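This is protein-v4.json (JSON, C-alpha atoms).
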```json
[["chain", "number", "residue", "atom", "x", "y", "z"],
["A", 1439, "MET", "CA", 0.00, 0.00, 0.00],
["A", 1440, "ALA", "CA", 1.25, 3.49, -0.87],
["A", 1441, "THR", "CA", 2.49, 5.74, 1.92],
["A", 1442, "LEU", "CA", 0.11, 8.66, 2.41],
["A", 1443, "THR", "CA", 1.79, 12.04, 2.85],
["A", 1444, "ILE", "CA", -1.13, 14.48, 3.05],
["A", 1445, "SER", "CA", -1.83, 15.63, 6.60],
["A", 1446, "ALA", "CA", -5.31, 15.47, 8.14],
["A", 1447, "ALA", "CA", -5.33, 19.27, 8.37],
["A", 1448, "ASP", "CA", -4.54, 19.68, 4.66],
["A", 1449, "GLU", "CA", -7.12, 17.05, 3.75],
["A", 1450, "LYS", "CA", -9.73, 18.94, 5.77],
["A", 1451, "ARG", "CA", -8.73, 22.25, 4.17],
["A", 1452, "VAL", "CA", -9.18, 21.06, 0.59],
["A", 1453, "LYS", "CA", -12.37, 19.18, 1.44],
["A", 1454, "ALA", "CA", -13.88, 22.57, 2.27],
["A", 1455, "LEU", "CA", -12.97, 23.59, -1.30],
["A", 1456, "GLY", "CA", -14.79, 20.56, -2.72],
["A", 1457, "PHE", "CA", -11.88, 18.08, -3.01],
["A", 1458, "LEU", "CA", -12.49, 14.64, -1.54],
["A", 1459, "SER", "CA", -9.69, 12.20, -0.82],
["A", 1460, "ASN", "CA", -9.41, 9.18, -3.12],
["A", 1461, "LYS", "CA", -9.18, 6.25, -0.68],
["A", 1462, "GLY", "CA", -5.69, 4.89, -0.16],
["A", 1463, "THR", "CA", -3.98, 7.59, -2.25],
["A", 1464, "ASP", "CA", -2.72, 11.16, -2.03],
["A", 1465, "ASN", "CA", -5.07, 12.12, -4.87],
["A", 1466, "PHE", "CA", -8.44, 13.84, -4.74],
["A", 1467, "SER", "CA", -11.71, 14.09, -6.63],
["A", 1468, "GLY", "CA", -12.61, 17.68, -7.45],
["A", 1469, "ARG", "CA", -16.36, 18.32, -7.10],
["A", 1470, "ILE", "CA", -17.57, 20.80, -9.71],
["A", 1471, "ILE", "CA", -20.84, 22.66, -9.10],
["A", 1472, "THR", "CA", -23.23, 22.57, -12.07],
["A", 1473, "VAL", "CA", -25.73, 25.02, -10.47],
["A", 1474, "HIS", "CA", -28.76, 22.88, -11.44],
["A", 1475, "GLY", "CA", -27.38, 19.95, -13.40],
["A", 1476, "LYS", "CA", -26.97, 21.97, -16.58],
["A", 1477, "ILE", "CA", -23.67, 22.91, -18.24],
["A", 1478, "THR", "CA", -22.71, 24.24, -21.65],
["A", 1479, "ALA", "CA", -20.79, 22.38, -24.36],
["A", 1480, "ALA", "CA", -17.81, 24.68, -23.72],
["A", 1481, "GLN", "CA", -17.89, 23.82, -20.03],
["A", 1482, "GLN", "CA", -18.02, 20.11, -20.85],
["A", 1483, "ARG", "CA", -14.93, 20.46, -23.03],
["A", 1484, "CYS", "CA", -13.15, 22.39, -20.29],
["A", 1485, "ILE", "CA", -13.93, 19.70, -17.69],
["A", 1486, "ALA", "CA", -12.71, 16.95, -20.04],
["A", 1487, "GLU", "CA", -9.47, 18.83, -20.70],
["A", 1488, "ALA", "CA", -8.97, 19.46, -16.97],
["A", 1489, "ALA", "CA", -9.55, 15.77, -16.21],
["A", 1490, "GLU", "CA", -6.76, 14.84, -18.63],
["A", 1491, "LYS", "CA", -4.36, 17.62, -17.62],
["A", 1492, "PHE", "CA", -4.68, 17.38, -13.84],
["A", 1493, "GLY", "CA", -6.54, 14.13, -13.04],
["A", 1494, "ASN", "CA", -6.64, 10.55, -14.25],
["A", 1495, "GLY", "CA", -9.04, 11.30, -17.09],
["A", 1496, "ILE", "CA", -12.08, 9.88, -15.31],
["A", 1497, "ILE", "CA", -15.20, 11.97, -14.69],
["A", 1498, "THR", "CA", -18.06, 10.81, -12.45],
["A", 1499, "PHE", "CA", -21.46, 12.24, -11.56],
["A", 1500, "THR", "CA", -22.84, 12.57, -8.05],
["A", 1501, "THR", "CA", -26.42, 11.87, -7.01],
["A", 1502, "ARG", "CA", -26.93, 15.63, -6.59],
["A", 1503, "MET", "CA", -25.96, 16.54, -10.14],
["A", 1504, "THR", "CA", -22.44, 17.72, -9.49],
["A", 1505, "ILE", "CA", -19.42, 16.44, -11.43],
["A", 1506, "GLU", "CA", -16.30, 14.92, -9.92],
["A", 1507, "VAL", "CA", -12.92, 14.71, -11.66],
["A", 1508, "GLN", "CA", -10.86, 11.92, -10.10],
["A", 1509, "GLY", "CA", -7.16, 11.47, -9.42],
["A", 1510, "ILE", "CA", -6.06, 15.08, -8.89],
["A", 1511, "PRO", "CA", -2.75, 15.31, -6.97],
["A", 1512, "TYR", "CA", -2.76, 17.62, -3.95],
["A", 1513, "ASP", "CA", -0.24, 20.00, -5.52],
["A", 1514, "LYS", "CA", -2.38, 20.34, -8.69],
["A", 1515, "ILE", "CA", -5.58, 21.39, -6.94],
["A", 1516, "GLU", "CA", -5.12, 25.15, -7.36],
["A", 1517, "ASP", "CA", -4.09, 24.71, -11.02],
["A", 1518, "PHE", "CA", -7.24, 22.64, -11.58],
["A", 1519, "ARG", "CA", -9.47, 25.29, -9.99],
["A", 1520, "ALA", "CA", -7.90, 28.05, -12.06],
["A", 1521, "TYR", "CA", -8.31, 26.04, -15.28],
["A", 1522, "ILE", "CA", -12.05, 25.37, -14.88],
["A", 1523, "ALA", "CA", -12.64, 28.95, -13.70],
["A", 1524, "LYS", "CA", -11.99, 30.03, -17.31],
["A", 1525, "GLU", "CA", -15.46, 28.70, -18.16],
["A", 1526, "GLY", "CA", -17.13, 30.02, -15.03],
["A", 1527, "LEU", "CA", -16.92, 26.74, -13.15],
["A", 1528, "GLU", "CA", -16.10, 26.32, -9.47],
["A", 1529, "THR", "CA", -15.65, 23.53, -6.94],
["A", 1530, "GLY", "CA", -17.39, 23.09, -3.58],
["A", 1531, "GLY", "CA", -20.53, 21.50, -2.22],
["A", 1532, "THR", "CA", -19.31, 20.06, 1.08],
["A", 1533, "GLY", "CA", -19.69, 20.92, 4.74],
["A", 1534, "ALA", "CA", -22.38, 21.92, 7.23],
["A", 1535, "LYS", "CA", -24.01, 24.52, 5.03],
["A", 1536, "ILE", "CA", -26.39, 24.86, 2.10],
["A", 1537, "ARG", "CA", -25.56, 22.23, -0.50],
["A", 1538, "PRO", "CA", -25.86, 22.54, -4.31],
["A", 1539, "VAL", "CA", -29.48, 22.78, -5.44],
["A", 1540, "VAL", "CA", -30.94, 19.83, -7.35],
["A", 1541, "SER", "CA", -33.45, 20.48, -10.12],
["A", 1542, "CYS", "CA", -35.46, 18.36, -12.52],
["A", 1543, "LYS", "CA", -35.85, 19.41, -16.16],
["A", 1544, "GLY", "CA", -39.28, 20.92, -15.54],
["A", 1545, "THR", "CA", -38.39, 23.96, -17.64],
["A", 1546, "THR", "CA", -38.40, 21.84, -20.80],
["A", 1547, "CYS", "CA", -40.46, 18.81, -19.67],
["A", 1548, "ARG", "CA", -43.98, 18.34, -21.05],
["A", 1549, "TYR", "CA", -45.26, 17.92, -17.48],
["A", 1550, "GLY", "CA", -43.35, 20.87, -16.01],
["A", 1551, "LEU", "CA", -45.49, 23.38, -14.12],
["A", 1552, "LEU", "CA", -42.72, 25.84, -13.29],
["A", 1553, "ASP", "CA", -39.36, 27.03, -14.59],
["A", 1554, "SER", "CA", -37.33, 24.64, -12.45],
["A", 1555, "PHE", "CA", -33.98, 25.68, -13.95],
["A", 1556, "GLY", "CA", -34.74, 29.37, -13.42],
["A", 1557, "LEU", "CA", -35.99, 28.93, -9.85],
["A", 1558, "SER", "CA", -33.10, 26.68, -8.82],
["A", 1559, "GLU", "CA", -30.61, 29.15, -10.30],
["A", 1560, "GLU", "CA", -32.16, 31.94, -8.21],
["A", 1561, "ILE", "CA", -31.90, 29.74, -5.12],
["A", 1562, "HIS", "CA", -28.29, 28.90, -6.04],
["A", 1563, "GLU", "CA", -27.29, 32.56, -6.33],
["A", 1564, "ARG", "CA", -29.28, 33.81, -3.35],
["A", 1565, "PHE", "CA", -28.61, 31.01, -0.87],
["A", 1566, "PHE", "CA", -25.92, 28.54, -2.01],
["A", 1567, "LYS", "CA", -23.59, 31.40, -2.92],
["A", 1568, "GLY", "CA", -25.12, 34.20, -0.83],
["A", 1569, "TYR", "CA", -25.05, 32.06, 2.33],
["A", 1570, "SER", "CA", -21.80, 30.25, 1.54],
["A", 1571, "LYS", "CA", -20.12, 31.60, 4.70],
["A", 1572, "VAL", "CA", -23.09, 30.79, 6.95],
["A", 1573, "LYS", "CA", -22.44, 27.82, 9.23],
["A", 1574, "LEU", "CA", -25.43, 25.55, 9.87],
["A", 1575, "PRO", "CA", -25.95, 22.69, 12.35],
["A", 1576, "HIS", "CA", -25.55, 20.20, 9.49],
["A", 1577, "LYS", "CA", -25.87, 20.08, 5.70],
["A", 1578, "PHE", "CA", -29.04, 21.56, 4.20],
["A", 1579, "LYS", "CA", -30.30, 20.14, 0.91],
["A", 1580, "ILE", "CA", -32.78, 21.82, -1.43],
["A", 1581, "ALA", "CA", -34.53, 20.31, -4.46],
["A", 1582, "VAL", "CA", -36.85, 21.85, -7.05],
["A", 1583, "GLY", "CA", -39.34, 19.60, -8.87],
["A", 1584, "GLY", "CA", -41.36, 20.81, -11.82],
["A", 1585, "CYS", "CA", -44.45, 18.72, -11.08],
["A", 1586, "PRO", "CA", -45.88, 16.13, -8.65],
["A", 1587, "ASN", "CA", -44.08, 13.31, -10.52],
["A", 1588, "ASN", "CA", -41.32, 14.04, -7.96],
["A", 1589, "CYS", "CA", -38.44, 12.97, -10.23],
["A", 1590, "VAL", "CA", -35.83, 14.63, -7.96],
["A", 1591, "LYS", "CA", -37.61, 13.61, -4.74],
["A", 1592, "PRO", "CA", -38.16, 17.13, -3.30],
["A", 1593, "ASP", "CA", -39.99, 15.63, -0.31],
["A", 1594, "LEU", "CA", -36.84, 13.73, 0.70],
["A", 1595, "ASN", "CA", -34.77, 16.91, 0.96],
["A", 1596, "ASP", "CA", -34.47, 19.28, 3.90],
["A", 1597, "LEU", "CA", -36.58, 21.64, 1.80],
["A", 1598, "GLY", "CA", -38.31, 20.77, -1.44],
["A", 1599, "ILE", "CA", -40.40, 22.77, -3.89],
["A", 1600, "ILE", "CA", -42.90, 21.14, -6.26],
["A", 1601, "GLY", "CA", -44.74, 22.82, -9.13],
["A", 1602, "GLN", "CA", -48.53, 22.83, -8.89],
["A", 1603, "ARG", "CA", -51.51, 23.60, -11.07],
["A", 1604, "ILE", "CA", -54.75, 23.91, -9.14],
["A", 1605, "PRO", "CA", -57.72, 23.19, -11.43],
["A", 1606, "VAL", "CA", -60.36, 25.90, -11.73],
["A", 1607, "PHE", "CA", -63.64, 23.99, -12.19],
["A", 1608, "HIS", "CA", -66.86, 25.68, -13.30],
["A", 1609, "GLU", "CA", -69.59, 23.45, -11.93],
["A", 1610, "ASP", "CA", -72.36, 25.46, -13.65],
["A", 1611, "ILE", "CA", -70.96, 24.47, -17.07],
["A", 1612, "CYS", "CA", -70.51, 20.76, -16.23],
["A", 1613, "LYS", "CA", -72.87, 18.45, -18.16],
["A", 1614, "GLY", "CA", -72.16, 15.40, -16.00],
["A", 1615, "CYS", "CA", -71.16, 13.32, -19.01],
["A", 1616, "LYS", "CA", -71.32, 9.54, -18.51],
["A", 1617, "LYS", "CA", -67.88, 9.31, -20.09],
["A", 1618, "CYS", "CA", -66.21, 12.29, -18.44],
["A", 1619, "ALA", "CA", -63.01, 13.37, -20.20],
["A", 1620, "ILE", "CA", -61.68, 14.96, -17.02],
["A", 1621, "GLU", "CA", -62.21, 11.76, -15.07],
["A", 1622, "LYS", "CA", -60.38, 9.85, -17.79],
["A", 1623, "ALA", "CA", -57.46, 12.31, -17.80],
["A", 1624, "CYS", "CA", -56.90, 12.31, -14.03],
["A", 1625, "PRO", "CA", -53.97, 9.97, -13.15],
["A", 1626, "MET", "CA", -54.83, 10.08, -9.43],
["A", 1627, "GLY", "CA", -58.48, 9.05, -9.72],
["A", 1628, "ALA", "CA", -59.43, 12.27, -7.92],
["A", 1629, "ALA", "CA", -62.02, 13.36, -10.52],
["A", 1630, "LYS", "CA", -65.34, 11.49, -10.48],
["A", 1631, "VAL", "CA", -68.84, 12.20, -11.77],
["A", 1632, "VAL", "CA", -71.14, 12.00, -8.75],
["A", 1633, "ASP", "CA", -74.91, 12.54, -9.06],
["A", 1634, "GLY", "CA", -74.54, 14.12, -12.47],
["A", 1635, "ILE", "CA", -71.73, 16.55, -11.53],
["A", 1636, "MET", "CA", -67.96, 16.11, -11.78],
["A", 1637, "LYS", "CA", -66.29, 16.37, -8.38],
["A", 1638, "ILE", "CA", -62.59, 16.62, -7.50],
["A", 1639, "ASN", "CA", -61.49, 14.95, -4.28],
["A", 1640, "GLN", "CA", -58.98, 17.41, -2.84],
["A", 1641, "GLU", "CA", -57.62, 14.74, -0.50],
["A", 1642, "ILE", "CA", -56.39, 12.78, -3.53],
["A", 1643, "CYS", "CA", -55.71, 15.53, -6.09],
["A", 1644, "SER", "CA", -51.97, 16.13, -6.56],
["A", 1645, "HIS", "CA", -52.48, 19.35, -8.56],
["A", 1646, "CYS", "CA", -50.62, 17.94, -11.53],
["A", 1647, "GLY", "CA", -52.79, 19.91, -13.99],
["A", 1648, "ARG", "CA", -53.28, 16.95, -16.32],
["A", 1649, "CYS", "CA", -57.05, 17.48, -16.22],
["A", 1650, "VAL", "CA", -56.93, 21.09, -17.43],
["A", 1651, "GLY", "CA", -58.31, 21.59, -20.93],
["A", 1652, "ASN", "CA", -59.84, 18.13, -21.28],
["A", 1653, "CYS", "CA", -63.52, 19.02, -20.80],
["A", 1654, "TYR", "CA", -65.38, 19.22, -24.13],
["A", 1655, "PHE", "CA", -67.61, 21.95, -22.65],
["A", 1656, "ASN", "CA", -64.80, 24.00, -21.08],
["A", 1657, "ALA", "CA", -65.89, 23.34, -17.51],
["A", 1658, "LEU", "CA", -62.21, 23.00, -16.61],
["A", 1659, "SER", "CA", -60.23, 25.08, -19.07],
["A", 1660, "ASP", "CA", -57.73, 26.70, -16.70],
["A", 1661, "GLY", "CA", -55.71, 26.15, -13.55],
["A", 1662, "THR", "CA", -53.77, 28.33, -11.13],
["A", 1663, "TYR", "CA", -50.01, 27.75, -11.15],
["A", 1664, "GLY", "CA", -48.33, 27.49, -7.78],
["A", 1665, "TYR", "CA", -45.64, 26.03, -5.54],
["A", 1666, "LYS", "CA", -45.90, 23.37, -2.83],
["A", 1667, "ILE", "CA", -43.17, 23.46, -0.19],
["A", 1668, "TYR", "CA", -42.06, 20.39, 1.76],
["A", 1669, "ILE", "CA", -39.84, 20.61, 4.83],
["A", 1670, "GLY", "CA", -37.94, 18.05, 6.86],
["A", 1671, "GLY", "CA", -37.22, 15.37, 4.29],
["A", 1672, "ARG", "CA", -34.08, 13.29, 4.73],
["A", 1673, "TRP", "CA", -32.42, 10.41, 2.90],
["A", 1674, "GLY", "CA", -29.51, 8.38, 4.20],
["A", 1675, "LYS", "CA", -28.82, 6.36, 7.34],
["A", 1676, "LYS", "CA", -31.98, 7.74, 8.90],
["A", 1677, "THR", "CA", -34.82, 8.59, 6.54],
["A", 1678, "ALA", "CA", -37.68, 11.03, 7.05],
["A", 1679, "GLN", "CA", -40.61, 11.93, 4.80],
["A", 1680, "GLY", "CA", -40.94, 15.67, 4.30],
["A", 1681, "ARG", "CA", -44.26, 17.28, 5.17],
["A", 1682, "PRO", "CA", -45.93, 19.98, 3.07],
["A", 1683, "LEU", "CA", -46.77, 23.38, 4.43],
["A", 1684, "GLY", "CA", -50.53, 23.86, 4.52],
["A", 1685, "LYS", "CA", -50.44, 26.72, 2.02],
["A", 1686, "ILE", "CA", -49.92, 26.45, -1.74],
["A", 1687, "PHE", "CA", -47.96, 29.51, -2.77],
["A", 1688, "THR", "CA", -48.60, 31.44, -5.98],
["A", 1689, "ASP", "CA", -45.91, 34.13, -5.64],
["A", 1690, "LYS", "CA", -42.30, 33.14, -6.36],
["A", 1691, "GLU", "CA", -40.83, 35.81, -4.10],
["A", 1692, "GLU", "CA", -42.88, 34.48, -1.20],
["A", 1693, "VAL", "CA", -41.46, 31.02, -1.91],
["A", 1694, "LEU", "CA", -37.89, 32.38, -1.85],
["A", 1695, "ASN", "CA", -38.67, 34.11, 1.44],
["A", 1696, "VAL", "CA", -39.88, 30.83, 2.95],
["A", 1697, "VAL", "CA", -36.61, 29.17, 1.84],
["A", 1698, "GLU", "CA", -34.66, 31.92, 3.58],
["A", 1699, "LYS", "CA", -36.79, 31.71, 6.72],
["A", 1700, "ALA", "CA", -36.21, 27.93, 6.88],
["A", 1701, "ILE", "CA", -32.45, 28.47, 6.69],
["A", 1702, "LEU", "CA", -32.56, 31.16, 9.38],
["A", 1703, "LEU", "CA", -34.74, 29.01, 11.63],
["A", 1704, "TYR", "CA", -32.35, 26.07, 11.23],
["A", 1705, "ARG", "CA", -29.31, 28.24, 12.03],
["A", 1706, "GLU", "CA", -30.93, 29.77, 15.10],
["A", 1707, "GLN", "CA", -32.87, 26.84, 16.55],
["A", 1708, "GLY", "CA", -31.10, 23.74, 15.22],
["A", 1709, "GLN", "CA", -28.59, 21.93, 17.41],
["A", 1710, "ALA", "CA", -25.06, 21.04, 16.29],
["A", 1711, "GLY", "CA", -25.03, 17.83, 14.25],
["A", 1712, "GLU", "CA", -28.81, 17.78, 13.97],
["A", 1713, "ARG", "CA", -30.47, 17.51, 10.55],
["A", 1714, "PHE", "CA", -33.41, 19.82, 9.80],
["A", 1715, "ALA", "CA", -35.85, 16.90, 10.06],
["A", 1716, "ALA", "CA", -34.77, 16.34, 13.67],
["A", 1717, "THR", "CA", -35.05, 20.06, 14.42],
["A", 1718, "ILE", "CA", -38.63, 20.06, 13.15],
["A", 1719, "GLU", "CA", -39.46, 16.95, 15.14],
["A", 1720, "ARG", "CA", -38.02, 18.50, 18.31],
["A", 1721, "LEU", "CA", -39.72, 21.90, 17.87],
["A", 1722, "GLY", "CA", -42.99, 20.52, 16.47],
["A", 1723, "PHE", "CA", -44.15, 20.81, 12.86],
["A", 1724, "GLU", "CA", -46.97, 23.27, 13.66],
["A", 1725, "ASN", "CA", -44.52, 25.53, 15.49],
["A", 1726, "VAL", "CA", -42.05, 25.50, 12.60],
["A", 1727, "GLU", "CA", -44.80, 26.04, 10.01],
["A", 1728, "ALA", "CA", -46.14, 29.05, 11.93],
["A", 1729, "GLN", "CA", -42.66, 30.60, 12.00],
["A", 1730, "LEU", "CA", -42.15, 30.01, 8.26],
["A", 1731, "LEU", "CA", -45.46, 31.65, 7.41],
["A", 1732, "ALA", "CA", -44.77, 34.68, 9.65],
["A", 1733, "ASN", "CA", -42.10, 37.35, 9.15],
["A", 1734, "ASP", "CA", -40.31, 37.39, 12.50],
["A", 1735, "LEU", "CA", -37.34, 35.35, 11.25],
["A", 1736, "LEU", "CA", -36.69, 37.78, 8.40],
["A", 1737, "ASP", "CA", -37.07, 40.72, 10.78],
["A", 1738, "ARG", "CA", -34.33, 39.19, 12.95],
["A", 1739, "LYS", "CA", -32.17, 38.07, 10.00],
["A", 1740, "GLN", "CA", -29.10, 40.14, 10.79],
["A", 1741, "LYS", "CA", -29.14, 39.16, 14.45],
["A", 1742, "ILE", "CA", -29.45, 35.46, 13.58],
["A", 1743, "LEU", "CA", -26.60, 35.62, 11.06],
["A", 1744, "GLU", "CA", -24.32, 37.51, 13.44],
["A", 1745, "ALA", "CA", -24.96, 35.17, 16.39]]
```
Can you present the structure in this file as structure tokens?
Amino acid sequence: MATLTISAADEKRVKALGFLSNKGTDNFSGRIITVHGKITAAQQRCIAEAAEKFGNGIITFTTRMTIEVQGIPYDKIEDFRAYIAKEGLETGGTGAKIRPVVSCKGTTCRYGLLDSFGLSEEIHERFFKGYSKVKLPHKFKIAVGGCPNNCVKPDLNDLGIIGQRIPVFHEDICKGCKKCAIEKACPMGAAKVVDGIMKINQEICSHCGRCVGNCYFNALSDGTYGYKIYIGGRWGKKTAQGRPLGKIFTDKEEVLNVVEKAILLYREQGQAGERFAATIERLGFENVEAQLLANDLLDRKQKILEA
């Protein structure tokens, strides 16, 4: 076995920069942030060149849509960072702070109900980068899903956002058709004709919007776009199912404010080493929800960050 020469202190220092030790060697994998899993052709070429110049030529992908270049010697780390910076790329994504945002392709997907790339980029700039110096009790993961198909599992993240489309049904126009096109279009079985009128069971409806525009008589020709926010999800050694806030949001800025309030709450009221799910369980979901829907946390933002 090779003799390892990198000290624990140096290994810790470069880990904070996004370089993870390759087991049994003095080499590292450099973790490149893709913002939301999307990079340009020029950036791809740059990463490939950097992998050959400074690493072992192997590129891997993480479960959170970042890219790792393997086999980078310790003394080549700064050269590697400078090389990829030419195409606006940076390394990072480790530590007890906000982690890189994960996004589905809702912006271009036929089922997408929101601009998932755009929203996740705003979250990246405002919180991943804007809060990069803010220490948290543990890592904090955020995911943006374009629709209730949940492709990126937003409800298994510390905070998840899911696109919604709430159907606007005009009961006075409904003809109560025996073969209801809305009922047929609903993948959840939430729409049913009952006593000659189509009804939507809100306990089952996922607000996917698949029913909108299917009625031949225009009883359901539109739907309100919105955002559903889940908090307290966790995947790993101990799993936890995120719970949705009781409100469906229709204003993007309000959603971004809730994200910020969740981060501030976690910094102020979370305990060291405790994931957000455990913080919520300890404080009580109703208590946390009330704080996220109020403005006190934002009013005390500077005090919380300076503590």
Quiz prompt | Within 9 Å of file point (-42.3, 21.9, -8.3), counting all atoms listed in the file, expressed as a VMD selection string | solution = chain A and resid 1542 1544 1550 to 1554 1581 to 1586 1588 1592 1598 to 1602 1664 to 1667
Distance query stretch 1529-1537 of chain A at most 8 Å, all atoms listed in the file, self and fewer than 6 positions along chain excluded, as an mmCIF file with C-alpha atoms, in the coordinates of the input:
```
data_model
loop_
_atom_site.group_PDB
_atom_site.id
_atom_site.type_symbol
_atom_site.label_atom_id
_atom_site.label_comp_id
_atom_site.auth_asym_id
_atom_site.auth_seq_id
_atom_site.Cartn_x
_atom_site.Cartn_y
_atom_site.Cartn_z
ATOM 1 C CA LYS A 1453 -12.370 19.180 1.440
ATOM 2 C CA ALA A 1454 -13.880 22.570 2.270
ATOM 3 C CA LEU A 1455 -12.970 23.590 -1.300
ATOM 4 C CA GLY A 1456 -14.790 20.560 -2.720
ATOM 5 C CA PHE A 1457 -11.880 18.080 -3.010
ATOM 6 C CA GLY A 1468 -12.610 17.680 -7.450
ATOM 7 C CA ARG A 1469 -16.360 18.320 -7.100
ATOM 8 C CA ILE A 1470 -17.570 20.800 -9.710
ATOM 9 C CA ILE A 1471 -20.840 22.660 -9.100
ATOM 10 C CA ARG A 1519 -9.470 25.290 -9.990
ATOM 11 C CA PHE A 1565 -28.610 31.010 -0.870
ATOM 12 C CA PHE A 1566 -25.920 28.540 -2.010
ATOM 13 C CA TYR A 1569 -25.050 32.060 2.330
ATOM 14 C CA SER A 1570 -21.800 30.250 1.540
ATOM 15 C CA VAL A 1572 -23.090 30.790 6.950
ATOM 16 C CA LYS A 1573 -22.440 27.820 9.230
ATOM 17 C CA LEU A 1574 -25.430 25.550 9.870
ATOM 18 C CA PRO A 1575 -25.950 22.690 12.350
ATOM 19 C CA HIS A 1576 -25.550 20.200 9.490
ATOM 20 C CA LYS A 1577 -25.870 20.080 5.700
ATOM 21 C CA PHE A 1578 -29.040 21.560 4.200
ATOM 22 C CA LYS A 1579 -30.300 20.140 0.910
ATOM 23 C CA ILE A 1580 -32.780 21.820 -1.430
#
```
Quiz item: Out of A:Glu1724, A:Asp1593, A:Glu1560, A:Glu1609, which residue has the shortest atom-to-atom distance to A:Leu1694 when counting only C-alpha atoms?
Solution: A:Glu1560
Exercise. Counting only C-alpha atoms, figure out which residue out of A:Cys1649, A:Cys1484, A:Leu1730, A:Ala1629 gets nearest to A:Leu1597.
Key: A:Leu1730
Quick one: residues within 10 Å of (-63.3, 17.6, -17.9) (file frame), counting only C-alpha atoms, please, as a PDB file with C-alpha atoms, in the frame of the given file.
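The result, stored in point_23.pdb:
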```
ATOM      1  CA  PHE A1607     -63.640  23.990 -12.190  1.00  0.00           C
ATOM      2  CA  HIS A1608     -66.860  25.680 -13.300  1.00  0.00           C
ATOM      3  CA  CYS A1612     -70.510  20.760 -16.230  1.00  0.00           C
ATOM      4  CA  LYS A1613     -72.870  18.450 -18.160  1.00  0.00           C
ATOM      5  CA  GLY A1614     -72.160  15.400 -16.000  1.00  0.00           C
ATOM      6  CA  CYS A1615     -71.160  13.320 -19.010  1.00  0.00           C
ATOM      7  CA  LYS A1617     -67.880   9.310 -20.090  1.00  0.00           C
ATOM      8  CA  CYS A1618     -66.210  12.290 -18.440  1.00  0.00           C
ATOM      9  CA  ALA A1619     -63.010  13.370 -20.200  1.00  0.00           C
ATOM     10  CA  ILE A1620     -61.680  14.960 -17.020  1.00  0.00           C
ATOM     11  CA  GLU A1621     -62.210  11.760 -15.070  1.00  0.00           C
ATOM     12  CA  LYS A1622     -60.380   9.850 -17.790  1.00  0.00           C
ATOM     13  CA  ALA A1623     -57.460  12.310 -17.800  1.00  0.00           C
ATOM     14  CA  CYS A1624     -56.900  12.310 -14.030  1.00  0.00           C
ATOM     15  CA  ALA A1629     -62.020  13.360 -10.520  1.00  0.00           C
ATOM     16  CA  LYS A1630     -65.340  11.490 -10.480  1.00  0.00           C
ATOM     17  CA  VAL A1631     -68.840  12.200 -11.770  1.00  0.00           C
ATOM     18  CA  MET A1636     -67.960  16.110 -11.780  1.00  0.00           C
ATOM     19  CA  CYS A1649     -57.050  17.480 -16.220  1.00  0.00           C
ATOM     20  CA  VAL A1650     -56.930  21.090 -17.430  1.00  0.00           C
ATOM     21  CA  GLY A1651     -58.310  21.590 -20.930  1.00  0.00           C
ATOM     22  CA  ASN A1652     -59.840  18.130 -21.280  1.00  0.00           C
ATOM     23  CA  CYS A1653     -63.520  19.020 -20.800  1.00  0.00           C
ATOM     24  CA  TYR A1654     -65.380  19.220 -24.130  1.00  0.00           C
ATOM     25  CA  PHE A1655     -67.610  21.950 -22.650  1.00  0.00           C
ATOM     26  CA  ASN A1656     -64.800  24.000 -21.080  1.00  0.00           C
ATOM     27  CA  ALA A1657     -65.890  23.340 -17.510  1.00  0.00           C
ATOM     28  CA  LEU A1658     -62.210  23.000 -16.610  1.00  0.00           C
ATOM     29  CA  SER A1659     -60.230  25.080 -19.070  1.00  0.00           C
TER      30      SER A1659
END
```
Quiz item: In Å, how far is it from atom CA of A:Arg1502 to atom CA of A:Arg1672?
Solution: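 Atom-to-atom, atom CA of A:Arg1502 and atom CA of A:Arg1672 are spaced 13.6 Å apart.
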Self-check item: For atom CA of A:Tyr1512 and atom CA of A:Arg1483, the interatomic separation in Å (one decimal)
Solution: 22.8 Å
Quiz item: Rounded to one decimal in Å, what is the spacing between atom CA of A:Arg1603 and atom CA of A:Gln1640?
Solution: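 These atoms are spaced 12.7 Å apart.
With distances taken over all atoms listed in the file, A:Thr1504 is the one residue among A:Asn1460, A:Thr1504, A:Thr1546, A:Thr1717 lying closest to A:Ile1477.
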Take every atom of stretch 1566-1572 of chain A listed in the file, fit an axis-aligned box around them, add 4 Å per side, and give the centre and edge lengths in Å to one decimal as lines of an AutoDock Vina configuration file.
```
center_x = -23.0
center_y = 31.4
center_z = 2.0
size_x = 13.8
size_y = 13.7
size_z = 17.9
```
Self-check item: Shell around A:Ala1715 at 8 Å using only C-alpha atoms, local window under 6 positions removed, as a ChimeraX atom specification
Solution: /A:1596,1669-1672,1678,1680
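Considering the residues A:Thr1688, A:Gln1729, A:Gln1679, A:Thr1472 and counting all atoms listed in the file, A:Ala1700 has its shortest atom-to-atom contact with A:Gln1729.
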Practice problem: Check the smallest atom-to-atom distance from each of A:Ile1638, A:Ile1561, A:Glu1727, A:Ala1486 to A:Glu1698 using only C-alpha atoms, then report the winner. | Solution: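 Among the listed residues, the smallest separation from A:Glu1698 belongs to A:Ile1561.
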Quiz item: Near stretch 1478-1482 of chain A, counting all atoms listed in the file, which residues have an atom at most 10 Å away, once you skip same-chain residues fewer than 5 positions from it, shown as a list in words?
Solution: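 The residues satisfying every condition are Thr1472, Glu1487, Ala1488, Ile1522, Ala1523, Lys1524, Glu1525, Gly1526 and Leu1527 of chain A.
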Output of the above residues as a CSV table (one decimal), keeping the file's coordinate frame, restricted to C-alpha atoms:
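Final output, saved to result.csv:
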```
chain,number,residue,atom,x,y,z
A,1472,THR,CA,-23.2,22.6,-12.1
A,1487,GLU,CA,-9.5,18.8,-20.7
A,1488,ALA,CA,-9.0,19.5,-17.0
A,1522,ILE,CA,-12.0,25.4,-14.9
A,1523,ALA,CA,-12.6,29.0,-13.7
A,1524,LYS,CA,-12.0,30.0,-17.3
A,1525,GLU,CA,-15.5,28.7,-18.2
A,1526,GLY,CA,-17.1,30.0,-15.0
A,1527,LEU,CA,-16.9,26.7,-13.2
```
